[in-house]
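Engineer: As input, take my_file34.cif (mmCIF, C-alpha atoms):
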```
data_data
loop_
_atom_site.label_atom_id
_atom_site.label_comp_id
_atom_site.auth_asym_id
_atom_site.auth_seq_id
_atom_site.Cartn_x
_atom_site.Cartn_y
_atom_site.Cartn_z
CA MET S 1 55.49 -164.75 2.32
CA ALA S 2 58.63 -165.78 4.16
CA ALA S 3 58.25 -166.30 7.88
CA GLU S 4 61.82 -165.41 8.68
CA THR S 5 63.79 -162.42 7.59
CA GLY S 6 66.76 -163.09 5.42
CA THR S 7 65.05 -165.86 3.44
CA PRO S 8 66.70 -165.86 0.03
CA THR S 9 64.58 -164.55 -2.80
CA THR S 10 66.13 -167.08 -5.12
CA LEU S 11 65.30 -170.75 -4.71
CA THR S 12 67.26 -173.74 -5.95
CA LEU S 13 65.17 -176.55 -7.43
CA LYS S 14 66.52 -180.02 -8.10
CA SER S 15 65.06 -182.32 -10.75
CA ASN S 16 64.88 -186.11 -10.33
CA ASP S 17 67.91 -186.45 -12.62
CA ASP S 18 69.95 -184.14 -10.35
CA GLU S 19 69.90 -180.97 -12.38
CA LEU S 20 69.91 -177.75 -10.34
CA PHE S 21 67.94 -174.66 -11.30
CA SER S 22 67.85 -171.20 -9.76
CA VAL S 23 64.54 -169.44 -9.88
CA ALA S 24 63.15 -166.30 -8.26
CA GLU S 25 60.95 -167.17 -5.31
CA SER S 26 58.25 -164.82 -6.61
CA ALA S 27 58.01 -166.92 -9.80
CA ALA S 28 58.47 -170.33 -8.16
CA ILE S 29 55.55 -169.86 -5.75
CA LEU S 30 53.16 -170.12 -8.71
CA SER S 31 53.54 -173.75 -7.72
CA VAL S 32 51.44 -174.34 -4.61
CA THR S 33 53.69 -177.29 -3.77
CA ILE S 34 56.74 -175.03 -3.69
CA ARG S 35 54.83 -172.22 -1.95
CA ASN S 36 53.85 -174.57 0.86
CA MET S 37 57.48 -175.61 1.27
CA VAL S 38 58.55 -171.95 1.41
CA GLU S 39 55.85 -171.14 3.96
CA ASP S 40 56.83 -174.11 6.09
CA GLY S 41 60.41 -172.91 6.02
CA CYS S 42 61.73 -175.99 4.21
CA ALA S 43 63.02 -174.07 1.22
CA GLY S 44 66.30 -172.95 2.72
CA GLY S 45 68.54 -175.28 0.79
CA VAL S 46 67.85 -177.22 -2.33
CA ILE S 47 64.22 -178.16 -3.06
CA PRO S 48 64.10 -181.69 -4.49
CA LEU S 49 61.31 -182.28 -7.00
CA ASP S 50 61.31 -186.05 -7.29
CA ASN S 51 58.63 -186.36 -9.96
CA VAL S 52 60.02 -183.93 -12.54
CA ASP S 53 62.96 -184.47 -14.87
CA GLY S 54 65.40 -181.72 -15.82
CA LYS S 55 64.10 -181.13 -19.33
CA THR S 56 60.55 -180.68 -18.10
CA LEU S 57 61.57 -178.59 -15.11
CA ALA S 58 63.55 -176.23 -17.37
CA SER S 59 60.43 -175.75 -19.44
CA VAL S 60 58.23 -175.19 -16.39
CA ILE S 61 60.68 -172.59 -15.05
CA THR S 62 60.64 -170.78 -18.40
CA TYR S 63 56.88 -170.66 -18.02
CA MET S 64 57.07 -169.49 -14.39
CA ASN S 65 59.41 -166.65 -15.31
CA GLY S 66 57.45 -165.68 -18.40
CA ILE S 67 54.01 -165.63 -16.84
CA SER S 68 55.07 -163.90 -13.63
CA ALA S 69 56.66 -161.09 -15.66
CA ILE S 70 53.24 -160.26 -17.09
CA PRO S 71 51.18 -157.90 -14.96
CA ALA S 72 47.64 -158.85 -13.96
CA ASP S 73 46.20 -158.93 -17.45
CA GLU S 74 44.37 -162.17 -18.18
CA GLU S 75 44.31 -161.57 -21.95
CA LYS S 76 48.10 -161.18 -22.11
CA LYS S 77 48.66 -164.16 -19.83
CA LYS S 78 46.44 -166.28 -22.04
CA SER S 79 48.26 -165.30 -25.20
CA TYR S 80 51.59 -166.01 -23.48
CA ARG S 81 50.33 -169.49 -22.53
CA ASP S 82 49.08 -170.16 -26.07
CA LYS S 83 52.40 -169.13 -27.56
CA PHE S 84 54.39 -171.06 -24.94
CA LEU S 85 52.54 -174.29 -25.72
CA SER S 86 52.18 -173.83 -29.47
CA ASP S 87 55.36 -175.67 -30.50
CA LYS S 88 55.27 -178.48 -27.90
CA ASP S 89 54.76 -182.06 -29.08
CA PHE S 90 52.53 -184.60 -27.33
CA GLU S 91 55.34 -186.19 -25.29
CA THR S 92 56.46 -182.81 -23.93
CA LEU S 93 52.87 -181.82 -23.14
CA ALA S 94 52.34 -185.14 -21.37
CA ASP S 95 55.42 -184.58 -19.20
CA MET S 96 54.27 -181.04 -18.48
CA VAL S 97 50.76 -181.99 -17.41
CA LEU S 98 52.20 -184.51 -14.95
CA ALA S 99 54.67 -181.90 -13.66
CA ALA S 100 51.96 -179.23 -13.37
CA ASN S 101 49.83 -181.67 -11.41
CA TYR S 102 52.69 -182.58 -9.07
CA LEU S 103 53.70 -178.94 -8.61
CA ASN S 104 50.04 -177.97 -8.15
CA MET S 105 50.05 -175.17 -10.73
CA SER S 106 46.44 -174.83 -11.76
CA CYS S 107 46.94 -172.25 -14.54
CA LEU S 108 49.54 -174.41 -16.28
CA MET S 109 47.50 -177.57 -15.65
CA ASP S 110 44.40 -176.07 -17.28
CA ALA S 111 46.32 -174.71 -20.25
CA VAL S 112 48.26 -177.92 -20.93
CA SER S 113 45.24 -180.21 -20.60
CA ALA S 114 43.29 -177.98 -22.98
CA LYS S 115 46.22 -178.10 -25.40
CA ILE S 116 46.46 -181.91 -25.19
CA ALA S 117 42.73 -182.15 -25.87
CA GLN S 118 43.17 -179.85 -28.87
CA VAL S 119 45.91 -182.14 -30.22
CA MET S 120 43.68 -185.22 -29.66
CA GLU S 121 40.57 -183.74 -31.24
CA LYS S 122 40.90 -185.31 -34.69
CA LYS S 123 43.05 -188.29 -33.76
CA SER S 124 42.17 -191.93 -34.13
CA VAL S 125 41.46 -194.34 -31.30
CA GLY S 126 44.71 -196.19 -32.11
CA TRP S 127 46.76 -192.99 -31.86
CA VAL S 128 45.30 -192.21 -28.46
CA ARG S 129 46.00 -195.74 -27.18
CA ARG S 130 49.63 -195.54 -28.28
CA LYS S 131 50.23 -192.04 -26.93
CA PHE S 132 48.59 -192.71 -23.58
CA GLY S 133 50.04 -196.20 -23.34
CA ILE S 134 46.61 -197.77 -22.97
CA GLU S 135 45.99 -201.42 -23.52
CA ASN S 136 42.83 -202.23 -25.44
CA ASP S 137 40.83 -204.38 -23.03
CA TYR S 138 37.79 -204.79 -25.25
CA THR S 139 37.14 -208.04 -27.04
CA PRO S 140 36.95 -207.49 -30.82
CA GLU S 141 33.16 -207.96 -30.63
CA GLU S 142 32.76 -205.42 -27.82
CA GLU S 143 34.94 -202.89 -29.59
CA ALA S 144 33.03 -203.27 -32.83
CA ALA S 145 29.76 -202.76 -30.93
CA VAL S 146 30.95 -199.52 -29.24
CA LYS S 147 32.24 -198.21 -32.57
CA GLU S 148 29.05 -199.14 -34.37
CA GLU S 149 27.00 -197.27 -31.78
CA HIS S 150 28.81 -194.02 -32.50
CA LYS S 151 29.72 -194.49 -36.13
CA TRP S 152 29.39 -190.81 -37.08
CA THR S 153 32.13 -189.81 -34.62
CA PHE S 154 34.70 -191.54 -36.84
CA GLU S 155 34.07 -189.16 -39.73
CA GLY S 156 36.81 -186.61 -40.35
CA VAL S 157 39.48 -188.38 -38.27
CA GLU S 158 43.02 -187.65 -39.44
CA THR S 159 45.41 -190.31 -40.67
CA ASP S 160 47.85 -191.23 -37.88
CA ASP S 161 51.05 -189.19 -37.97
CA ASP S 162 53.10 -191.23 -35.50
CA ASN S 163 54.19 -194.24 -37.50
CA MET P 1 60.61 -192.14 -21.33
CA ALA P 2 58.18 -194.11 -23.47
CA ASP P 3 56.79 -196.14 -20.55
CA LYS P 4 56.10 -193.08 -18.47
CA LYS P 5 53.14 -192.21 -20.62
CA SER P 6 51.16 -195.15 -19.33
CA ASN P 7 51.32 -193.58 -15.87
CA PHE P 8 48.66 -191.00 -16.48
CA PRO P 9 46.62 -190.99 -13.29
CA PRO P 10 42.87 -191.30 -13.95
CA GLU P 11 42.16 -187.85 -12.51
CA ILE P 12 44.50 -186.26 -15.06
CA VAL P 13 42.95 -188.26 -17.90
CA GLU P 14 39.59 -186.99 -16.72
CA ILE P 15 40.75 -183.35 -16.75
CA ILE P 16 42.17 -183.73 -20.27
CA LEU P 17 39.02 -185.45 -21.54
CA SER P 18 36.81 -182.73 -20.07
CA ASN P 19 38.27 -180.38 -22.70
CA LEU P 20 37.26 -182.53 -25.66
CA SER P 21 34.27 -182.12 -27.94
CA VAL P 22 31.35 -184.51 -27.56
CA LYS P 23 32.19 -186.05 -30.91
CA SER P 24 35.71 -187.00 -29.83
CA LEU P 25 34.50 -188.21 -26.44
CA TYR P 26 32.07 -190.60 -28.10
CA ARG P 27 34.81 -191.82 -30.41
CA PHE P 28 37.23 -192.37 -27.51
CA LYS P 29 34.72 -194.52 -25.67
CA SER P 30 36.27 -197.27 -27.79
CA VAL P 31 39.80 -196.61 -26.45
CA SER P 32 39.32 -198.87 -23.43
CA LYS P 33 36.76 -199.93 -20.86
CA SER P 34 38.12 -197.52 -18.27
CA TRP P 35 37.89 -194.58 -20.68
CA ASN P 36 34.35 -195.63 -21.50
CA THR P 37 33.58 -195.60 -17.76
CA ILE P 38 35.02 -192.09 -17.33
CA ILE P 39 33.18 -190.72 -20.37
CA THR P 40 29.78 -192.18 -19.45
CA ASP P 41 29.98 -191.16 -15.79
CA PRO P 42 26.99 -188.86 -15.02
CA VAL P 43 29.13 -186.46 -12.97
CA PHE P 44 31.65 -186.18 -15.81
CA ILE P 45 28.83 -185.50 -18.26
CA GLN P 46 27.32 -182.79 -16.05
CA ASN P 47 30.71 -181.12 -15.61
CA HIS P 48 31.21 -181.22 -19.35
CA ILE P 49 27.85 -179.54 -19.96
CA GLN P 50 28.58 -176.83 -17.41
CA LYS P 51 32.04 -176.26 -18.87
CA SER P 52 30.61 -175.93 -22.39
CA LYS P 53 27.98 -173.50 -21.18
CA HIS P 54 30.55 -171.21 -19.63
CA SER P 55 33.00 -171.45 -22.48
CA THR P 56 33.01 -168.45 -24.78
CA SER P 57 35.17 -169.95 -27.46
CA HIS P 58 32.68 -172.09 -29.36
CA ASN P 59 29.32 -170.53 -29.90
CA LEU P 60 27.59 -172.92 -32.22
CA PHE P 61 24.18 -172.51 -33.72
CA LEU P 62 22.01 -174.80 -35.77
CA HIS P 63 20.68 -173.49 -39.01
CA ARG P 64 17.85 -175.17 -40.81
CA ALA P 65 19.22 -175.92 -44.23
CA MET P 66 17.14 -175.86 -47.37
CA SER P 67 17.39 -179.05 -49.28
CA SER P 68 15.88 -180.43 -52.40
CA THR P 69 15.54 -183.91 -50.99
CA SER P 70 12.80 -184.89 -48.59
CA SER P 71 15.10 -185.08 -45.57
CA ILE P 72 15.40 -182.05 -43.32
CA ARG P 73 18.89 -181.01 -42.44
CA PHE P 74 20.60 -178.64 -40.11
CA SER P 75 23.94 -177.03 -40.72
CA VAL P 76 26.16 -175.85 -37.90
CA VAL P 77 27.04 -172.18 -37.74
CA LYS P 78 29.82 -170.73 -35.64
CA PHE P 79 29.81 -167.19 -34.32
CA ASP P 80 33.34 -165.99 -33.68
CA GLY P 81 32.41 -162.63 -32.19
CA GLU P 82 32.23 -160.79 -35.49
CA LYS P 83 30.72 -162.93 -38.16
CA PHE P 84 28.83 -166.14 -38.73
CA GLN P 85 30.63 -168.96 -40.43
CA THR P 86 28.97 -172.12 -41.64
CA LEU P 87 30.93 -175.23 -40.71
CA PRO P 88 31.18 -178.19 -43.08
CA VAL P 89 28.85 -180.26 -40.93
CA VAL P 90 25.34 -181.27 -41.85
CA ILE P 91 23.10 -183.11 -39.42
CA GLU P 92 19.92 -184.78 -40.49
CA ALA P 93 16.86 -184.03 -38.39
CA PRO P 94 15.61 -187.11 -36.52
CA PHE P 95 12.36 -188.78 -37.53
CA GLY P 96 11.66 -186.02 -40.06
CA CYS P 97 11.06 -183.47 -37.32
CA GLY P 98 12.58 -180.15 -38.31
CA LEU P 99 10.60 -177.60 -36.33
CA VAL P 100 12.33 -176.45 -33.17
CA LEU P 101 9.86 -175.71 -30.39
CA CYS P 102 12.24 -174.98 -27.55
CA PHE P 103 15.61 -175.98 -26.13
CA CYS P 104 17.44 -176.44 -22.85
CA ASP P 105 21.07 -177.40 -22.08
CA GLY P 106 21.79 -178.41 -25.65
CA ILE P 107 18.63 -180.53 -25.96
CA LEU P 108 16.01 -179.53 -28.50
CA LEU P 109 12.32 -180.29 -28.56
CA LEU P 110 11.35 -180.88 -32.17
CA THR P 111 8.15 -181.54 -33.98
CA ASN P 112 7.03 -182.12 -37.54
CA HIS P 113 4.73 -180.01 -39.70
CA SER P 114 1.58 -181.65 -38.45
CA TYR P 115 2.61 -181.32 -34.80
CA GLN P 116 1.72 -184.99 -34.42
CA ARG P 117 5.10 -186.08 -33.26
CA LEU P 118 7.40 -184.78 -30.57
CA VAL P 119 11.06 -185.65 -30.42
CA LEU P 120 13.77 -184.77 -27.93
CA TRP P 121 17.03 -184.39 -29.76
CA ASN P 122 20.63 -183.95 -28.66
CA PRO P 123 22.52 -182.79 -31.76
CA SER P 124 25.89 -183.09 -29.98
CA THR P 125 25.49 -186.82 -29.48
CA ARG P 126 23.10 -187.29 -32.44
CA THR P 127 20.68 -189.11 -30.21
CA ALA P 128 16.95 -188.67 -30.29
CA GLU P 129 14.01 -189.96 -28.36
CA LYS P 130 10.39 -190.01 -29.49
CA LEU P 131 7.78 -188.77 -27.08
CA TRP P 132 4.29 -190.05 -26.91
CA HIS P 133 1.74 -187.35 -27.50
CA ARG P 134 -1.95 -187.75 -27.77
CA LYS P 135 -2.82 -185.31 -30.50
CA GLY P 136 -1.53 -182.62 -32.79
CA CYS P 137 -1.46 -179.24 -31.11
CA SER P 138 -0.14 -176.46 -33.26
CA LYS P 139 -1.56 -173.79 -30.98
CA ALA P 140 -0.06 -175.17 -27.82
CA ALA P 141 2.79 -173.67 -25.85
CA PHE P 142 5.83 -175.83 -25.28
CA GLY P 143 8.41 -175.76 -22.53
CA LEU P 144 11.49 -177.84 -21.75
CA CYS P 145 13.60 -177.92 -18.63
CA ARG P 146 15.92 -180.23 -16.75
CA ASP P 147 15.08 -181.37 -13.27
CA PRO P 148 18.34 -180.90 -11.35
CA ASN P 149 17.33 -183.52 -8.79
CA THR P 150 16.71 -186.39 -11.17
CA ASP P 151 18.69 -185.12 -14.18
CA GLU P 152 15.67 -185.86 -16.33
CA PHE P 153 14.21 -183.53 -18.89
CA LYS P 154 10.63 -182.46 -18.52
CA VAL P 155 8.49 -181.35 -21.40
CA VAL P 156 5.43 -179.24 -20.77
CA VAL P 157 2.73 -178.93 -23.42
CA ALA P 158 -0.14 -176.57 -22.71
CA ASP P 159 -3.07 -175.66 -24.94
CA TRP P 160 -6.54 -174.20 -24.36
CA TYR P 161 -7.97 -177.22 -22.64
CA HIS P 162 -5.28 -179.07 -20.84
CA TYR P 163 -1.62 -179.37 -20.19
CA SER P 164 0.64 -182.37 -19.98
CA VAL P 165 4.03 -182.95 -18.46
CA TYR P 166 6.38 -185.59 -19.85
CA SER P 167 9.51 -186.82 -18.15
#
```
Output the file's structure as structure tokens, nothing else.

Structural biologist:
Amino acid sequence: MAAETGTPTTLTLKSNDDELFSVAESAAILSVTIRNMVEDGCAGGVIPLDNVDGKTLASVITYMNGISAIPADEEKKKSYRDKFLSDKDFETLADMVLAANYLNMSCLMDAVSAKIAQVMEKKSVGWVRRKFGIENDYTPEEEAAVKEEHKWTFEGVETDDDN
Amino acid sequence: MADKKSNFPPEIVEIILSNLSVKSLYRFKSVSKSWNTIITDPVFIQNHIQKSKHSTSHNLFLHRAMSSTSSIRFSVVKFDGEKFQTLPVVIEAPFGCGLVLCFCDGILLLTNHSYQRLVLWNPSTRTAEKLWHRKGCSKAAFGLCRDPNTDEFKVVVADWYHYSVYS
């Protein structure tokens, strides 16, 4: 992987709130963004990750270490991912999906987006707007019309748990 | 960190939404105009169909339910690899047509007992469309496929004397 000999096998990553993390290169290159930096020889010093905060980066590194310790067994990797994400709340998952996108980690991206969808599955329209920070740009008449068209999809929706 | 959430780029929203069930997608069309645009985009819909086809986690079947009333209903049955489990969902057959002739990509071709009426039905979206058909044909063969070029469904009805193709 490394073009030069003597490239350290441990990388130092820096979050956007200036936290430093050491991580094995073999685990860190799960991120295509980091792998490209390593291959281009720009990973000698500290790698700044401007779009990821320390809390999220710590979590991503836990994932990198955990998943790279599992040998090539897709079943075991999947159950590790399920367990890793099982106790995360929406806000954490949202930060992680943005980090996974920025770090270009497709396996984490797929797992987190599937998990977010699973959380959303029985939620109300209002819950989704609040969590995603979306402004309702429908007029009341338009909104009523869209809802009326798909009335049955509002059956079985949970009561909001966020207020 | 509360404001950060509004910075979901559209491509990430699209990836997240592609994991949702059709029911939730139709509900979330009312979230905003831009979500409605994503969800009704033909490419998004095609990707969603392909993803569902290749997913092994939700094998759902329709089961014609017996009912004492005149309406014909289907219940949804899930196969989890070992056993069948009936889900608490009941869907009423459209236009009284409860006989399944054939299916393709989640679309069913239905008819009624007299074979006088043909209906294309998508149970995932609960939408149905009546087809014009000139006469009852209980001995005919029926086929349904999707034209990948136009994305339209074609119905073929063939009996002893003639065949017809409907788009």

Engineer: For the provided coordinates, the residues matched by the PyMOL selection byres ((chain P) within 12 of (chain S)) should be stated as a PyMOL selection string.

Structural biologist: chain P and resi 1-36+88-92+123-127

Engineer: Kindly save the residues from that selection, with C-alpha atoms included, as a short mmCIF file (atom, residue, chain, number, x, y, z; two decimals), in the frame of the given file.

Structural biologist:
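Just written: selection28.cif:
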```cif
data_model
loop_
_atom_site.label_atom_id
_atom_site.label_comp_id
_atom_site.auth_asym_id
_atom_site.auth_seq_id
_atom_site.Cartn_x
_atom_site.Cartn_y
_atom_site.Cartn_z
CA MET P 1 60.61 -192.14 -21.33
CA ALA P 2 58.18 -194.11 -23.47
CA ASP P 3 56.79 -196.14 -20.55
CA LYS P 4 56.10 -193.08 -18.47
CA LYS P 5 53.14 -192.21 -20.62
CA SER P 6 51.16 -195.15 -19.33
CA ASN P 7 51.32 -193.58 -15.87
CA PHE P 8 48.66 -191.00 -16.48
CA PRO P 9 46.62 -190.99 -13.29
CA PRO P 10 42.87 -191.30 -13.95
CA GLU P 11 42.16 -187.85 -12.51
CA ILE P 12 44.50 -186.26 -15.06
CA VAL P 13 42.95 -188.26 -17.90
CA GLU P 14 39.59 -186.99 -16.72
CA ILE P 15 40.75 -183.35 -16.75
CA ILE P 16 42.17 -183.73 -20.27
CA LEU P 17 39.02 -185.45 -21.54
CA SER P 18 36.81 -182.73 -20.07
CA ASN P 19 38.27 -180.38 -22.70
CA LEU P 20 37.26 -182.53 -25.66
CA SER P 21 34.27 -182.12 -27.94
CA VAL P 22 31.35 -184.51 -27.56
CA LYS P 23 32.19 -186.05 -30.91
CA SER P 24 35.71 -187.00 -29.83
CA LEU P 25 34.50 -188.21 -26.44
CA TYR P 26 32.07 -190.60 -28.10
CA ARG P 27 34.81 -191.82 -30.41
CA PHE P 28 37.23 -192.37 -27.51
CA LYS P 29 34.72 -194.52 -25.67
CA SER P 30 36.27 -197.27 -27.79
CA VAL P 31 39.80 -196.61 -26.45
CA SER P 32 39.32 -198.87 -23.43
CA LYS P 33 36.76 -199.93 -20.86
CA SER P 34 38.12 -197.52 -18.27
CA TRP P 35 37.89 -194.58 -20.68
CA ASN P 36 34.35 -195.63 -21.50
CA PRO P 88 31.18 -178.19 -43.08
CA VAL P 89 28.85 -180.26 -40.93
CA VAL P 90 25.34 -181.27 -41.85
CA ILE P 91 23.10 -183.11 -39.42
CA GLU P 92 19.92 -184.78 -40.49
CA PRO P 123 22.52 -182.79 -31.76
CA SER P 124 25.89 -183.09 -29.98
CA THR P 125 25.49 -186.82 -29.48
CA ARG P 126 23.10 -187.29 -32.44
CA THR P 127 20.68 -189.11 -30.21
#
```

Engineer: Evaluate the PyMOL selection byres ((chain S and resi 51) around 12) and record the selected residues as an NGL selection string, following the chain and residue labels used in the document.

Structural biologist: (:S and (14-18 or 48-50 or 52-54 or 56-57 or 95-103)) or (:P and (4 or 7))

Engineer: Quick one: pull the distance between CA of Lys55 in chain S and CA of Phe90 in chain S, Å, one decimal.

Structural biologist: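 Separation between CA of Lys55 in chain S and CA of Phe90 in chain S: 14.5 Å.
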
Engineer: Please identify all polymer residues within 12 Å of range 76-80 of chain S, counting all atoms listed in the file, omitting same-chain residues fewer than 3 positions from it, and present them as a list in words.

Structural biologist: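 Contacts, with the query itself left out: Thr62, Tyr63, Met64, Asn65, Gly66, Ile67, Ser68, Ala69, Ile70, Pro71, Ala72, Asp73, Lys83, Phe84, Leu85, Ser86, Cys107, Leu108, Asp110, Ala111 and Val112 of chain S.
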
Engineer: Since I can't run it myself right now, could you work out what the PyMOL selection byres ((chain P and resi 128) around 12) selects here and report it as a ChimeraX atom specification?

Structural biologist: /P:92-97,107-111,118-127,129-131

Engineer: Which value, in Å to one decimal, gives the distance between CA of Phe142 in chain P and CA of Val155 in chain P?

Structural biologist: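 Here the two named atoms are 7.3 Å from each other.
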
Engineer: Got a sec: who's within 8 Å of Cys104 in chain P, counting only C-alpha atoms, leaving out chain neighbours fewer than 2 positions off, as a short mmCIF file (atom, residue, chain, number, x, y, z; two decimals) with C-alpha atoms, keeping the file's coordinate frame?

Structural biologist:
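Result file is out_1.cif:
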```cif
data_model
loop_
_atom_site.label_atom_id
_atom_site.label_comp_id
_atom_site.auth_asym_id
_atom_site.auth_seq_id
_atom_site.Cartn_x
_atom_site.Cartn_y
_atom_site.Cartn_z
CA CYS P 102 12.24 -174.98 -27.55
CA GLY P 106 21.79 -178.41 -25.65
CA ILE P 107 18.63 -180.53 -25.96
CA LEU P 108 16.01 -179.53 -28.50
CA LEU P 144 11.49 -177.84 -21.75
CA CYS P 145 13.60 -177.92 -18.63
CA ARG P 146 15.92 -180.23 -16.75
#
```

Engineer: Could you check which residues have any atom within 10 Å of (58.0, -177.6, -1.4), counting all atoms listed in the file with coordinates taken straight from the file, and then list them as JSON, numbers by chain?

Structural biologist: {"S": [13, 28, 29, 31, 32, 33, 34, 35, 36, 37, 38, 39, 40, 41, 42, 43, 46, 47, 48, 49, 103]}

Engineer: Quick one, how far is CA of Asp161 in chain S from CA of His48 in chain P?

Structural biologist: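 Going from CA of Asp161 in chain S over to CA of His48 in chain P, I get 28.4 Å.
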
Engineer: Around all of range 94-109 of chain S's listed atoms, make the axis-aligned box with 4 Å on each side and tell me centre and edge lengths in Å to one decimal, as AutoDock Vina command-line options.

Structural biologist:
```
--center_x 50.9 --center_y -178.7 --center_z -14.8 --size_x 17.0 --size_y 20.9 --size_z 21.2
```

Engineer: Which of these, P:Val100, P:Ala158, P:Ile45, P:Phe79, has the shortest distance to Ala140 in chain P once you count only C-alpha atoms?

Structural biologist: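 Selected residue with least distance to Ala140 in chain P: P:Ala158.
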
Engineer: Which of these residues is nearest to Pro42 in chain P, using all atoms listed in the file: P:Val156, P:Lys83, P:Gln116, P:Thr150?

Structural biologist: P:Thr150
